[in-house]
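Pasting target_2.tsv here (TSV, C-alpha atoms):
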chain	number	residue	atom	x	y	z
A	1	MET	CA	0.00	0.00	0.00
A	2	GLU	CA	1.23	3.42	-0.99
A	3	ALA	CA	1.51	5.98	1.77
A	4	LEU	CA	-0.15	9.32	1.18
A	5	THR	CA	2.08	11.64	-0.77
A	6	GLU	CA	3.22	14.87	0.83
A	7	THR	CA	0.96	16.93	-1.38
A	8	ASP	CA	-2.07	15.10	-0.03
A	9	ALA	CA	-1.27	16.04	3.53
A	10	GLU	CA	-0.56	19.74	3.47
A	11	GLY	CA	-2.86	22.00	5.43
A	12	LEU	CA	-6.06	20.13	4.63
A	13	TRP	CA	-6.15	18.04	7.78
A	14	GLU	CA	-4.98	20.53	10.39
A	15	ALA	CA	-8.56	21.44	11.30
A	16	VAL	CA	-9.27	17.82	12.28
A	17	GLN	CA	-8.69	17.79	16.02
A	18	PRO	CA	-7.58	16.17	18.27
A	19	GLY	CA	-4.51	14.56	16.68
A	20	GLY	CA	-5.82	11.05	17.36
A	21	SER	CA	-8.91	11.81	15.34
A	22	ARG	CA	-6.80	13.08	12.45
A	23	ARG	CA	-4.58	9.99	12.63
A	24	VAL	CA	-7.58	7.69	12.28
A	25	LEU	CA	-8.99	9.70	9.38
A	26	LEU	CA	-5.71	9.59	7.45
A	27	ALA	CA	-5.36	5.85	8.12
A	28	ALA	CA	-8.91	5.33	6.82
A	29	LEU	CA	-8.11	7.35	3.71
A	30	GLU	CA	-5.12	5.12	2.94
A	31	ILE	CA	-7.10	1.92	3.51
A	32	PHE	CA	-10.13	3.09	1.47
A	33	SER	CA	-7.81	4.21	-1.30
A	34	ALA	CA	-5.96	0.90	-1.40
A	35	HIS	CA	-8.85	-1.58	-1.09
A	36	GLY	CA	-12.01	0.37	-1.86
A	37	TYR	CA	-14.51	1.41	0.81
A	38	ASN	CA	-16.58	-1.75	0.78
A	39	ALA	CA	-13.61	-4.09	1.21
A	40	SER	CA	-12.05	-2.03	4.04
A	41	THR	CA	-12.49	-2.94	7.70
A	42	THR	CA	-12.31	-0.88	10.87
A	43	ARG	CA	-9.78	-3.41	12.14
A	44	GLU	CA	-7.38	-2.61	9.28
A	45	ILE	CA	-7.88	1.10	9.82
A	46	ALA	CA	-7.10	0.73	13.51
A	47	ARG	CA	-3.95	-1.27	12.73
A	48	ARG	CA	-2.81	1.36	10.22
A	49	ALA	CA	-3.43	4.12	12.77
A	50	GLY	CA	-1.53	2.14	15.44
A	51	MET	CA	-4.60	1.94	17.70
A	52	SER	CA	-6.98	-0.68	19.01
A	53	PRO	CA	-10.36	-0.94	17.25
A	54	ALA	CA	-11.94	0.33	20.51
A	55	ALA	CA	-9.74	3.44	20.39
A	56	VAL	CA	-10.95	4.15	16.83
A	57	TYR	CA	-14.56	4.18	18.03
A	58	VAL	CA	-13.70	6.94	20.49
A	59	HIS	CA	-13.21	9.19	17.44
A	60	TYR	CA	-15.64	7.81	14.83
A	61	ARG	CA	-18.76	5.72	15.27
A	62	SER	CA	-18.39	3.73	12.06
A	63	LYS	CA	-16.65	3.27	8.74
A	64	ALA	CA	-19.46	5.34	7.16
A	65	ASP	CA	-18.71	8.12	9.64
A	66	LEU	CA	-15.07	8.13	8.46
A	67	LEU	CA	-16.08	8.32	4.80
A	68	SER	CA	-18.51	11.14	5.61
A	69	ALA	CA	-15.85	13.10	7.52
A	70	MET	CA	-13.24	12.88	4.75
A	71	SER	CA	-15.81	13.69	2.09
A	72	ARG	CA	-16.94	16.77	4.02
A	73	THR	CA	-13.34	17.92	4.52
A	74	GLY	CA	-12.49	17.48	0.83
A	75	HIS	CA	-15.60	19.08	-0.61
A	76	ALA	CA	-15.40	22.04	1.77
A	77	ALA	CA	-11.69	22.50	1.00
A	78	VAL	CA	-12.00	22.63	-2.78
A	79	LEU	CA	-14.91	25.06	-2.54
A	80	ALA	CA	-12.94	27.30	-0.15
A	81	ASP	CA	-9.84	27.22	-2.39
A	82	VAL	CA	-11.82	28.13	-5.49
A	83	ARG	CA	-13.63	30.98	-3.72
A	84	GLU	CA	-10.31	32.27	-2.42
A	85	SER	CA	-8.95	32.32	-5.98
A	86	LEU	CA	-11.70	34.77	-6.98
A	87	VAL	CA	-11.18	37.32	-4.21
A	88	GLY	CA	-10.30	40.72	-5.63
A	89	VAL	CA	-10.43	39.51	-9.25
A	90	GLU	CA	-12.88	41.45	-11.40
A	91	ASP	CA	-12.32	40.40	-14.99
A	92	PRO	CA	-14.54	37.45	-16.04
A	93	VAL	CA	-11.73	35.85	-18.07
A	94	ASP	CA	-9.27	36.07	-15.18
A	95	ARG	CA	-11.90	34.80	-12.74
A	96	LEU	CA	-12.67	31.73	-14.85
A	97	HIS	CA	-8.96	31.09	-15.29
A	98	GLY	CA	-8.43	31.28	-11.53
A	99	LEU	CA	-11.41	29.05	-10.78
A	100	MET	CA	-10.39	26.40	-13.28
A	101	SER	CA	-6.69	26.33	-12.49
A	102	THR	CA	-7.45	26.07	-8.76
A	103	PHE	CA	-10.04	23.33	-9.29
A	104	VAL	CA	-7.71	21.26	-11.49
A	105	ALA	CA	-4.64	21.77	-9.29
A	106	TRP	CA	-6.64	20.75	-6.22
A	107	HIS	CA	-7.57	17.41	-7.81
A	108	ALA	CA	-3.94	16.72	-8.73
A	109	ARG	CA	-2.55	17.77	-5.35
A	110	ASN	CA	-5.21	15.90	-3.37
A	111	HIS	CA	-5.65	12.99	-5.79
A	112	THR	CA	-5.84	10.24	-3.16
A	113	LEU	CA	-8.59	12.01	-1.23
A	114	ALA	CA	-10.34	13.14	-4.40
A	115	ARG	CA	-10.47	9.60	-5.81
A	116	VAL	CA	-12.06	8.22	-2.66
A	117	ILE	CA	-14.64	10.97	-2.26
A	118	GLN	CA	-15.58	11.02	-5.96
A	119	TYR	CA	-15.76	7.29	-6.59
A	120	GLU	CA	-17.29	6.27	-3.24
A	121	LEU	CA	-19.90	9.04	-3.28
A	122	LEU	CA	-22.81	6.59	-3.46
A	123	GLU	CA	-21.56	4.76	-0.37
A	124	LEU	CA	-22.32	7.75	1.86
A	125	PRO	CA	-25.20	7.33	4.33
A	126	PRO	CA	-28.29	9.40	3.35
A	127	ASP	CA	-27.75	12.36	5.71
A	128	ALA	CA	-24.09	12.76	4.74
A	129	PHE	CA	-25.00	12.32	1.08
A	130	ALA	CA	-27.50	15.18	1.33
A	131	GLU	CA	-24.91	17.41	2.98
A	132	ILE	CA	-22.23	16.62	0.39
A	133	ARG	CA	-24.68	17.08	-2.47
A	134	SER	CA	-25.37	20.55	-1.13
A	135	LEU	CA	-21.62	21.37	-1.17
A	136	ARG	CA	-21.34	20.05	-4.74
A	137	ARG	CA	-24.30	22.18	-5.81
A	138	LYS	CA	-22.67	25.25	-4.32
A	139	PHE	CA	-19.66	24.60	-6.53
A	140	GLU	CA	-21.83	24.01	-9.59
A	141	ARG	CA	-23.78	27.23	-8.96
A	142	LEU	CA	-20.50	29.12	-8.61
A	143	LEU	CA	-19.29	27.73	-11.93
A	144	ARG	CA	-22.61	28.57	-13.59
A	145	SER	CA	-22.53	32.14	-12.28
A	146	GLU	CA	-18.96	32.62	-13.59
A	147	LEU	CA	-20.00	31.34	-17.02
A	148	GLU	CA	-22.98	33.71	-17.03
A	149	ARG	CA	-20.75	36.59	-15.97
A	150	GLY	CA	-18.53	35.98	-18.99
A	151	ILE	CA	-21.51	35.60	-21.32
A	152	ASP	CA	-22.96	38.90	-20.05
A	153	SER	CA	-19.64	40.71	-20.51
A	154	GLY	CA	-19.40	39.39	-24.06
A	155	ASP	CA	-16.20	37.45	-23.29
A	156	PHE	CA	-17.64	33.93	-23.53
A	157	HIS	CA	-19.48	32.47	-26.52
A	158	ILE	CA	-21.02	29.22	-25.38
A	159	ALA	CA	-23.06	27.01	-27.70
A	160	ASP	CA	-24.39	24.55	-25.11
A	161	LEU	CA	-24.15	25.66	-21.49
A	162	ARG	CA	-24.95	22.29	-19.85
A	163	SER	CA	-22.43	20.31	-21.91
A	164	THR	CA	-19.81	22.97	-21.31
A	165	GLU	CA	-20.32	22.85	-17.54
A	166	LEU	CA	-20.12	19.05	-17.53
A	167	ALA	CA	-16.92	19.08	-19.59
A	168	LEU	CA	-15.29	21.62	-17.27
A	169	LEU	CA	-16.22	19.57	-14.20
A	170	SER	CA	-14.83	16.40	-15.84
A	171	MET	CA	-11.56	18.09	-16.77
A	172	GLY	CA	-11.01	18.86	-13.11
A	173	ILE	CA	-12.36	15.77	-11.39
A	174	ASP	CA	-10.85	13.16	-13.72
A	175	VAL	CA	-7.35	14.47	-12.95
A	176	ALA	CA	-7.61	12.62	-9.63
A	177	ARG	CA	-7.94	9.30	-11.49
A	178	TRP	CA	-4.58	9.46	-13.22
A	179	TRP	CA	-2.38	12.13	-11.68
A	180	THR	CA	0.93	11.01	-10.18
A	181	PRO	CA	4.09	13.05	-9.56
A	182	GLN	CA	5.39	11.90	-12.98
A	183	PHE	CA	2.88	14.27	-14.60
A	184	PRO	CA	3.17	18.07	-14.79
A	185	THR	CA	2.92	19.78	-11.39
A	186	PRO	CA	-0.58	20.61	-10.12
A	187	GLU	CA	0.03	24.32	-10.77
A	188	HIS	CA	1.35	23.77	-14.30
A	189	LEU	CA	-1.48	21.41	-15.22
A	190	GLY	CA	-4.02	23.78	-13.68
A	191	ALA	CA	-2.77	26.72	-15.73
A	192	ASN	CA	-2.75	24.70	-18.98
A	193	TYR	CA	-6.23	23.33	-18.37
A	194	ALA	CA	-7.53	26.80	-17.54
A	195	ASP	CA	-6.17	28.00	-20.91
A	196	LEU	CA	-7.96	25.09	-22.61
A	197	ALA	CA	-11.15	25.92	-20.72
A	198	LEU	CA	-11.09	29.50	-21.99
A	199	ARG	CA	-10.76	28.21	-25.54
A	200	MET	CA	-13.80	25.99	-24.95
A	201	LEU	CA	-15.70	29.05	-23.78
A	202	GLY	CA	-14.87	30.91	-26.97
A	203	ALA	CA	-12.91	33.55	-25.08
A	204	GLU	CA	-10.85	35.58	-27.50
A	205	ARG	CA	-8.66	37.18	-24.85
A	206	VAL	CA	-6.30	35.14	-22.70
A	207	ALA	CA	-6.14	35.48	-18.93
A	208	ALA	CA	-3.69	37.90	-17.34
A	209	HIS	CA	-1.79	35.06	-15.64
A	210	SER	CA	-1.72	32.53	-18.45
B	211	MET	CA	-28.59	-3.32	-6.98
B	212	GLU	CA	-29.28	-1.70	-10.29
B	213	ALA	CA	-29.57	-4.03	-13.24
B	214	LEU	CA	-27.52	-3.16	-16.29
B	215	THR	CA	-29.31	-0.67	-18.47
B	216	GLU	CA	-30.26	-1.66	-21.98
B	217	THR	CA	-27.60	0.55	-23.46
B	218	ASP	CA	-24.92	-1.40	-21.64
B	219	ALA	CA	-25.97	-4.67	-23.17
B	220	GLU	CA	-26.25	-3.99	-26.88
B	221	GLY	CA	-23.90	-5.85	-29.16
B	222	LEU	CA	-20.87	-5.67	-26.93
B	223	TRP	CA	-21.27	-9.10	-25.36
B	224	GLU	CA	-22.41	-11.16	-28.31
B	225	ALA	CA	-18.87	-12.32	-29.02
B	226	VAL	CA	-18.65	-13.87	-25.55
B	227	GLN	CA	-19.55	-17.51	-26.15
B	228	PRO	CA	-21.04	-19.81	-24.99
B	229	GLY	CA	-24.09	-18.15	-23.45
B	230	GLY	CA	-23.23	-19.47	-19.98
B	231	SER	CA	-19.90	-17.71	-20.13
B	232	ARG	CA	-21.61	-14.47	-21.14
B	233	ARG	CA	-24.16	-14.83	-18.33
B	234	VAL	CA	-21.39	-15.15	-15.73
B	235	LEU	CA	-19.52	-12.16	-17.14
B	236	LEU	CA	-22.60	-9.92	-17.04
B	237	ALA	CA	-23.39	-11.07	-13.49
B	238	ALA	CA	-19.81	-10.26	-12.46
B	239	LEU	CA	-20.11	-6.82	-14.04
B	240	GLU	CA	-23.23	-6.05	-12.01
B	241	ILE	CA	-21.66	-7.28	-8.78
B	242	PHE	CA	-18.34	-5.44	-9.32
B	243	SER	CA	-20.25	-2.29	-10.22
B	244	ALA	CA	-22.45	-2.47	-7.12
B	245	HIS	CA	-19.88	-3.44	-4.46
B	246	GLY	CA	-16.47	-2.75	-5.95
B	247	TYR	CA	-14.13	-5.49	-7.17
B	248	ASN	CA	-12.41	-6.15	-3.85
B	249	ALA	CA	-15.63	-6.59	-1.91
B	250	SER	CA	-17.22	-8.90	-4.50
B	251	THR	CA	-17.22	-12.68	-4.13
B	252	THR	CA	-17.46	-15.48	-6.66
B	253	ARG	CA	-20.36	-16.82	-4.58
B	254	GLU	CA	-22.38	-13.63	-5.16
B	255	ILE	CA	-21.55	-13.69	-8.84
B	256	ALA	CA	-22.71	-17.30	-9.10
B	257	ARG	CA	-25.97	-16.45	-7.32
B	258	ARG	CA	-26.58	-13.50	-9.62
B	259	ALA	CA	-25.92	-15.69	-12.67
B	260	GLY	CA	-28.26	-18.39	-11.30
B	261	MET	CA	-25.46	-20.98	-11.18
B	262	SER	CA	-23.51	-22.90	-8.58
B	263	PRO	CA	-20.02	-21.56	-7.76
B	264	ALA	CA	-18.62	-24.75	-9.33
B	265	ALA	CA	-20.45	-23.96	-12.60
B	266	VAL	CA	-18.86	-20.49	-12.62
B	267	TYR	CA	-15.39	-22.05	-12.51
B	268	VAL	CA	-16.18	-23.99	-15.67
B	269	HIS	CA	-16.15	-20.63	-17.47
B	270	TYR	CA	-13.64	-18.52	-15.50
B	271	ARG	CA	-10.81	-19.59	-13.22
B	272	SER	CA	-11.11	-16.67	-10.81
B	273	LYS	CA	-12.55	-13.27	-10.01
B	274	ALA	CA	-9.42	-11.74	-11.54
B	275	ASP	CA	-10.08	-13.70	-14.72
B	276	LEU	CA	-13.57	-12.16	-14.91
B	277	LEU	CA	-12.21	-8.62	-14.43
B	278	SER	CA	-9.57	-9.28	-17.10
B	279	ALA	CA	-12.16	-10.59	-19.56
B	280	MET	CA	-14.52	-7.62	-19.17
B	281	SER	CA	-11.65	-5.16	-19.32
B	282	ARG	CA	-10.37	-6.75	-22.53
B	283	THR	CA	-13.86	-6.67	-24.08
B	284	GLY	CA	-14.39	-3.02	-23.16
B	285	HIS	CA	-11.00	-1.71	-24.23
B	286	ALA	CA	-11.12	-3.61	-27.52
B	287	ALA	CA	-14.67	-2.39	-28.20
B	288	VAL	CA	-14.00	1.32	-27.72
B	289	LEU	CA	-10.87	1.11	-29.89
B	290	ALA	CA	-12.81	-0.71	-32.63
B	291	ASP	CA	-15.67	1.82	-32.50
B	292	VAL	CA	-13.33	4.77	-32.75
B	293	ARG	CA	-11.38	3.23	-35.66
B	294	GLU	CA	-14.66	2.51	-37.41
B	295	SER	CA	-15.67	6.17	-37.06
B	296	LEU	CA	-12.58	7.20	-39.07
B	297	VAL	CA	-13.09	4.89	-42.04
B	298	GLY	CA	-13.45	6.87	-45.24
B	299	VAL	CA	-13.12	10.24	-43.49
B	300	GLU	CA	-10.28	12.38	-44.85
B	301	ASP	CA	-10.62	15.81	-43.33
B	302	PRO	CA	-8.63	16.19	-40.05
B	303	VAL	CA	-11.40	18.28	-38.44
B	304	ASP	CA	-14.07	15.73	-39.33
B	305	ARG	CA	-11.83	12.86	-38.19
B	306	LEU	CA	-11.22	14.41	-34.78
B	307	HIS	CA	-14.92	15.16	-34.43
B	308	GLY	CA	-15.76	11.53	-35.23
B	309	LEU	CA	-13.13	10.16	-32.88
B	310	MET	CA	-14.18	12.34	-29.98
B	311	SER	CA	-17.94	11.97	-30.38
B	312	THR	CA	-17.56	8.18	-30.62
B	313	PHE	CA	-15.25	8.03	-27.60
B	314	VAL	CA	-17.57	10.16	-25.46
B	315	ALA	CA	-20.77	8.41	-26.57
B	316	TRP	CA	-19.17	5.02	-25.85
B	317	HIS	CA	-18.47	6.01	-22.25
B	318	ALA	CA	-22.05	7.20	-21.76
B	319	ARG	CA	-23.63	4.17	-23.44
B	320	ASN	CA	-21.39	1.67	-21.63
B	321	HIS	CA	-21.04	3.60	-18.38
B	322	THR	CA	-21.38	0.60	-16.05
B	323	LEU	CA	-18.65	-1.35	-17.83
B	324	ALA	CA	-16.49	1.74	-18.29
B	325	ARG	CA	-16.63	2.61	-14.60
B	326	VAL	CA	-15.50	-0.85	-13.56
B	327	ILE	CA	-12.68	-1.14	-16.08
B	328	GLN	CA	-11.40	2.39	-15.48
B	329	TYR	CA	-11.56	2.47	-11.70
B	330	GLU	CA	-10.47	-1.14	-11.06
B	331	LEU	CA	-7.59	-0.99	-13.54
B	332	LEU	CA	-4.96	-1.45	-10.84
B	333	GLU	CA	-6.67	-4.64	-9.61
B	334	LEU	CA	-5.81	-6.48	-12.84
B	335	PRO	CA	-3.25	-9.29	-12.53
B	336	PRO	CA	0.12	-8.35	-14.14
B	337	ASP	CA	-0.31	-10.21	-17.45
B	338	ALA	CA	-3.80	-8.80	-18.04
B	339	PHE	CA	-2.60	-5.35	-16.95
B	340	ALA	CA	0.16	-5.46	-19.59
B	341	GLU	CA	-2.32	-6.50	-22.27
B	342	ILE	CA	-4.81	-3.77	-21.34
B	343	ARG	CA	-2.08	-1.16	-21.13
B	344	SER	CA	-1.13	-2.04	-24.67
B	345	LEU	CA	-4.75	-1.48	-25.83
B	346	ARG	CA	-4.84	1.86	-24.01
B	347	ARG	CA	-1.57	2.91	-25.66
B	348	LYS	CA	-3.01	2.05	-29.07
B	349	PHE	CA	-5.85	4.45	-28.38
B	350	GLU	CA	-3.48	7.14	-27.14
B	351	ARG	CA	-1.26	6.77	-30.21
B	352	LEU	CA	-4.33	7.05	-32.43
B	353	LEU	CA	-5.38	10.26	-30.66
B	354	ARG	CA	-1.84	11.64	-30.94
B	355	SER	CA	-1.66	10.88	-34.65
B	356	GLU	CA	-5.01	12.61	-35.25
B	357	LEU	CA	-3.81	15.70	-33.39
B	358	GLU	CA	-0.59	15.72	-35.44
B	359	ARG	CA	-2.59	15.33	-38.63
B	360	GLY	CA	-4.58	18.46	-37.79
B	361	ILE	CA	-1.45	20.37	-36.79
B	362	ASP	CA	0.21	19.43	-40.08
B	363	SER	CA	-2.82	20.51	-42.10
B	364	GLY	CA	-2.88	23.84	-40.28
B	365	ASP	CA	-6.32	23.14	-38.79
B	366	PHE	CA	-5.26	22.72	-35.15
B	367	HIS	CA	-3.32	25.26	-33.11
B	368	ILE	CA	-2.25	23.51	-29.94
B	369	ALA	CA	-0.25	25.26	-27.23
B	370	ASP	CA	0.57	22.22	-25.07
B	371	LEU	CA	0.10	18.84	-26.72
B	372	ARG	CA	0.38	16.68	-23.59
B	373	SER	CA	-2.13	18.69	-21.55
B	374	THR	CA	-4.50	18.76	-24.51
B	375	GLU	CA	-4.36	14.98	-24.92
B	376	LEU	CA	-4.96	14.45	-21.22
B	377	ALA	CA	-7.92	16.82	-21.22
B	378	LEU	CA	-9.50	15.08	-24.23
B	379	LEU	CA	-9.08	11.66	-22.58
B	380	SER	CA	-10.64	12.98	-19.35
B	381	MET	CA	-13.61	14.49	-21.16
B	382	GLY	CA	-14.41	11.04	-22.54
B	383	ILE	CA	-13.57	8.77	-19.62
B	384	ASP	CA	-15.14	10.86	-16.86
B	385	VAL	CA	-18.53	10.67	-18.58
B	386	ALA	CA	-18.79	7.11	-17.24
B	387	ARG	CA	-18.64	8.44	-13.66
B	388	TRP	CA	-21.80	10.53	-13.86
B	389	TRP	CA	-23.82	9.62	-16.94
B	390	THR	CA	-27.36	8.35	-16.38
B	391	PRO	CA	-30.33	8.37	-18.77
B	392	GLN	CA	-31.39	11.72	-17.23
B	393	PHE	CA	-28.50	13.37	-19.08
B	394	PRO	CA	-28.38	14.13	-22.81
B	395	THR	CA	-28.25	11.00	-24.98
B	396	PRO	CA	-24.81	9.49	-25.68
B	397	GLU	CA	-24.97	10.74	-29.28
B	398	HIS	CA	-26.00	14.26	-28.32
B	399	LEU	CA	-23.37	14.52	-25.61
B	400	GLY	CA	-20.74	13.06	-27.94
B	401	ALA	CA	-21.47	15.64	-30.64
B	402	ASN	CA	-21.40	18.54	-28.16
B	403	TYR	CA	-18.16	17.38	-26.58
B	404	ALA	CA	-16.58	16.92	-30.00
B	405	ASP	CA	-17.48	20.55	-30.79
B	406	LEU	CA	-15.88	21.63	-27.50
B	407	ALA	CA	-12.79	19.53	-28.32
B	408	LEU	CA	-12.37	21.30	-31.65
B	409	ARG	CA	-12.49	24.64	-29.87
B	410	MET	CA	-9.79	23.42	-27.49
B	411	LEU	CA	-7.67	22.50	-30.49
B	412	GLY	CA	-8.00	25.99	-31.92
B	413	ALA	CA	-9.84	24.71	-35.00
B	414	GLU	CA	-11.42	27.62	-36.81
B	415	ARG	CA	-13.65	25.48	-38.99
B	416	VAL	CA	-16.41	23.32	-37.55
B	417	ALA	CA	-16.88	19.67	-38.46
B	418	ALA	CA	-19.22	18.73	-41.29
B	419	HIS	CA	-21.55	16.85	-38.91
B	420	SER	CA	-21.62	19.29	-36.01

Could you render the structure from this file as structure tokens?
Amino acid sequence: MEALTETDAEGLWEAVQPGGSRRVLLAALEIFSAHGYNASTTREIARRAGMSPAAVYVHYRSKADLLSAMSRTGHAAVLADVRESLVGVEDPVDRLHGLMSTFVAWHARNHTLARVIQYELLELPPDAFAEIRSLRRKFERLLRSELERGIDSGDFHIADLRSTELALLSMGIDVARWWTPQFPTPEHLGANYADLALRMLGAERVAAHS
Amino acid sequence: MEALTETDAEGLWEAVQPGGSRRVLLAALEIFSAHGYNASTTREIARRAGMSPAAVYVHYRSKADLLSAMSRTGHAAVLADVRESLVGVEDPVDRLHGLMSTFVAWHARNHTLARVIQYELLELPPDAFAEIRSLRRKFERLLRSELERGIDSGDFHIADLRSTELALLSMGIDVARWWTPQFPTPEHLGANYADLALRMLGAERVAAHS
């Protein structure tokens, strides 16, 4: 089993307190990533975290609780990063470039987490699923509003809005499936994909940072 | 557990003979899709196929053998479909449009199979993995040669070839993650995505069929 890469760990997990709770969550992420959620056991997670199964239950009630917690952390983090990338940026072309490069880079940098939370989405218990769906819809509404901003300004020329949104989401999310450190860095890939996204949107100008 | 949709079944499996062998393979696909490969058992597959576990082993030696067989079928099928779409087409813009719309539509139409073979790729035994990797490389070389054809003809203006290839692959493959019959039809989505792909390639003309 591959350990989490450094890029997966940075910053994202600091808010998970106390440290024992964070240790269990990271162990669960490695086990889910290696074996799939359904084939993973709390016993394996406990062993990976260097704890007894009973000690794991102090922090999380169940395997489903662990999946819910990591899914919440990941979905909230990508939304926060993308919003942050828009702060103080006015131009619709620059905003879309920032959104897309941040979204893509996030899925490369956090590929282990992203794979688990994307591909095990339907394993979430109903209440967690509803909560995560709401976070995903916030992201989708943000993307939609940025596309509309660029249409209104005359910068974007979009033939089919729904297909375009779906393609942009796929370009970001699918990165988690294949990215490894052998590929371009998250930042480099993000910038290139953001340039491609602007072409898809029929933007004639390029972004200030591309 | 969701049964395979009609679109998943058409044509693709006819070559799997005898019928008992095909029945086991389709049962395995449903079970892998519902529970993940690692959490699936030969016993469940046998039950789903309406056979005894011993009868399953007449057709396939192991669970890994089943995954290898469906992966081989899927990878060979998408490659054959895409090659077929290019027969008799000369124009580089039309060829890329055909390739991309076929690739995307295939992943919508065969989303259950595509999900399993894409996301369980690393579960393949080494000899099957090598064989499947070779099929994937054939597809990637085909895509590369089509991009080069359009560059040579002056139709495509590509800033970063590697990122562009990766983005085109993602646009196709990721469709399998989310496509359901509530979305646009495979053909409609394929045509729209092929139009978006041509924009990404900096093609100034549109394809004859778009």

- prompt: Which residues of chain A are close to chain B, meaning at most 10 Å apart when you count all atoms listed in the file, and how do they look as a PyMOL selection string?
  reply: chain A and resi 34-40+115+118-120+122-123+158-160+162-164+166-175+177-178+183-184+188-193+195-202

Using only C-alpha atoms, find each residue of range 48-77 of chain A with at least one atom at most 12 Å away from an atom of range 125-139 of chain A; report its shortest atom-to-atom pair and that distance in Å (one decimal), sort the rows by chain and rising residue number, and return the result as a tab-separated table.
residue	atom	partner	partner_atom	distance
A:Ser62	CA	A:Pro125	CA	10.9
A:Lys63	CA	A:Pro125	CA	10.4
A:Ala64	CA	A:Pro125	CA	6.7
A:Asp65	CA	A:Pro125	CA	8.4
A:Leu66	CA	A:Ala128	CA	10.8
A:Leu67	CA	A:Ala128	CA	9.2
A:Ser68	CA	A:Ala128	CA	5.9
A:Ala69	CA	A:Ala128	CA	8.7
A:Met70	CA	A:Ile132	CA	10.7
A:Ser71	CA	A:Ile132	CA	7.3
A:Arg72	CA	A:Ile132	CA	6.4
A:Thr73	CA	A:Ile132	CA	9.9
A:Gly74	CA	A:Ile132	CA	9.8
A:His75	CA	A:Leu135	CA	6.5
A:Ala76	CA	A:Leu135	CA	6.9
A:Ala77	CA	A:Leu135	CA	10.2

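Nearest-residue note for Thr252 in chain B: choosing from B:Val266, B:Leu323, B:Leu239, B:Leu334, the minimum distance belongs to B:Val266, counting all atoms listed in the file.
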
Quick one: 4 Å padding each side, axis-aligned, all listed atoms of range 350-357 of chain B - centre and edge lengths in Å to one decimal, as JSON?
{"center_x": -3.3, "center_y": 11.2, "center_z": -31.2, "size_x": 12.1, "size_y": 16.9, "size_z": 16.1}

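Proximity ranking of B:Leu357, B:Val326, B:Leu235, B:Ala318 relative to Arg305 in chain B places B:Leu357 first, based on only C-alpha atoms.
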
Need the shell around Thr312 in chain B: protein/DNA/RNA residues with any atom at most 9 Å away, counting only C-alpha atoms. Skip same-chain ones fewer than 5 positions apart. Format as a PDB file with C-alpha atoms, in the frame of the given file?
ATOM      1  CA  VAL B 288     -14.000   1.320 -27.720  1.00  0.00           C
ATOM      2  CA  ASP B 291     -15.670   1.820 -32.500  1.00  0.00           C
ATOM      3  CA  VAL B 292     -13.330   4.770 -32.750  1.00  0.00           C
ATOM      4  CA  SER B 295     -15.670   6.170 -37.060  1.00  0.00           C
ATOM      5  CA  HIS B 307     -14.920  15.160 -34.430  1.00  0.00           C
ATOM      6  CA  HIS B 317     -18.470   6.010 -22.250  1.00  0.00           C
ATOM      7  CA  PRO B 396     -24.810   9.490 -25.680  1.00  0.00           C
ATOM      8  CA  GLU B 397     -24.970  10.740 -29.280  1.00  0.00           C
ATOM      9  CA  GLY B 400     -20.740  13.060 -27.940  1.00  0.00           C
ATOM     10  CA  ALA B 401     -21.470  15.640 -30.640  1.00  0.00           C
ATOM     11  CA  ALA B 404     -16.580  16.920 -30.000  1.00  0.00           C
TER      12      ALA B 404
END

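Residues in contact range of Arg144 in chain A, defined as at most 9 Å between only C-alpha atoms, with sequence neighbours fewer than 5 positions away removed, read Phe139, Arg149, Leu161 and Glu165 of chain A.
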
So that I have them on file, write out the residues from the current selection with C-alpha atoms, as a CSV table (one decimal), in the frame of the given file.
chain,number,residue,atom,x,y,z
A,139,PHE,CA,-19.7,24.6,-6.5
A,149,ARG,CA,-20.8,36.6,-16.0
A,161,LEU,CA,-24.2,25.7,-21.5
A,165,GLU,CA,-20.3,22.8,-17.5

As a check of understanding: the span from CA of Ser355 in chain B to CA of Leu331 in chain B is 24.9 Å

Between CA of Val93 in chain A and CA of Val206 in chain A lies a distance of 7.2 Å

12 Å contact set for Ser231 in chain B, all atoms listed in the file, chain neighbours under 5 positions out, as a CSV table (one decimal) with C-alpha atoms, in the coordinates of the input:
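selection.csv written:
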chain,number,residue,atom,x,y,z
B,223,TRP,CA,-21.3,-9.1,-25.4
B,224,GLU,CA,-22.4,-11.2,-28.3
B,225,ALA,CA,-18.9,-12.3,-29.0
B,226,VAL,CA,-18.6,-13.9,-25.6
B,236,LEU,CA,-22.6,-9.9,-17.0
B,237,ALA,CA,-23.4,-11.1,-13.5
B,238,ALA,CA,-19.8,-10.3,-12.5
B,256,ALA,CA,-22.7,-17.3,-9.1
B,259,ALA,CA,-25.9,-15.7,-12.7
B,261,MET,CA,-25.5,-21.0,-11.2
B,265,ALA,CA,-20.4,-24.0,-12.6
B,266,VAL,CA,-18.9,-20.5,-12.6
B,267,TYR,CA,-15.4,-22.0,-12.5
B,268,VAL,CA,-16.2,-24.0,-15.7
B,269,HIS,CA,-16.2,-20.6,-17.5
B,270,TYR,CA,-13.6,-18.5,-15.5
B,271,ARG,CA,-10.8,-19.6,-13.2
B,275,ASP,CA,-10.1,-13.7,-14.7
B,276,LEU,CA,-13.6,-12.2,-14.9
B,279,ALA,CA,-12.2,-10.6,-19.6
B,280,MET,CA,-14.5,-7.6,-19.2

note - CA of Leu309 in chain B and CA of Ala418 in chain B are separated by 13.5 Å
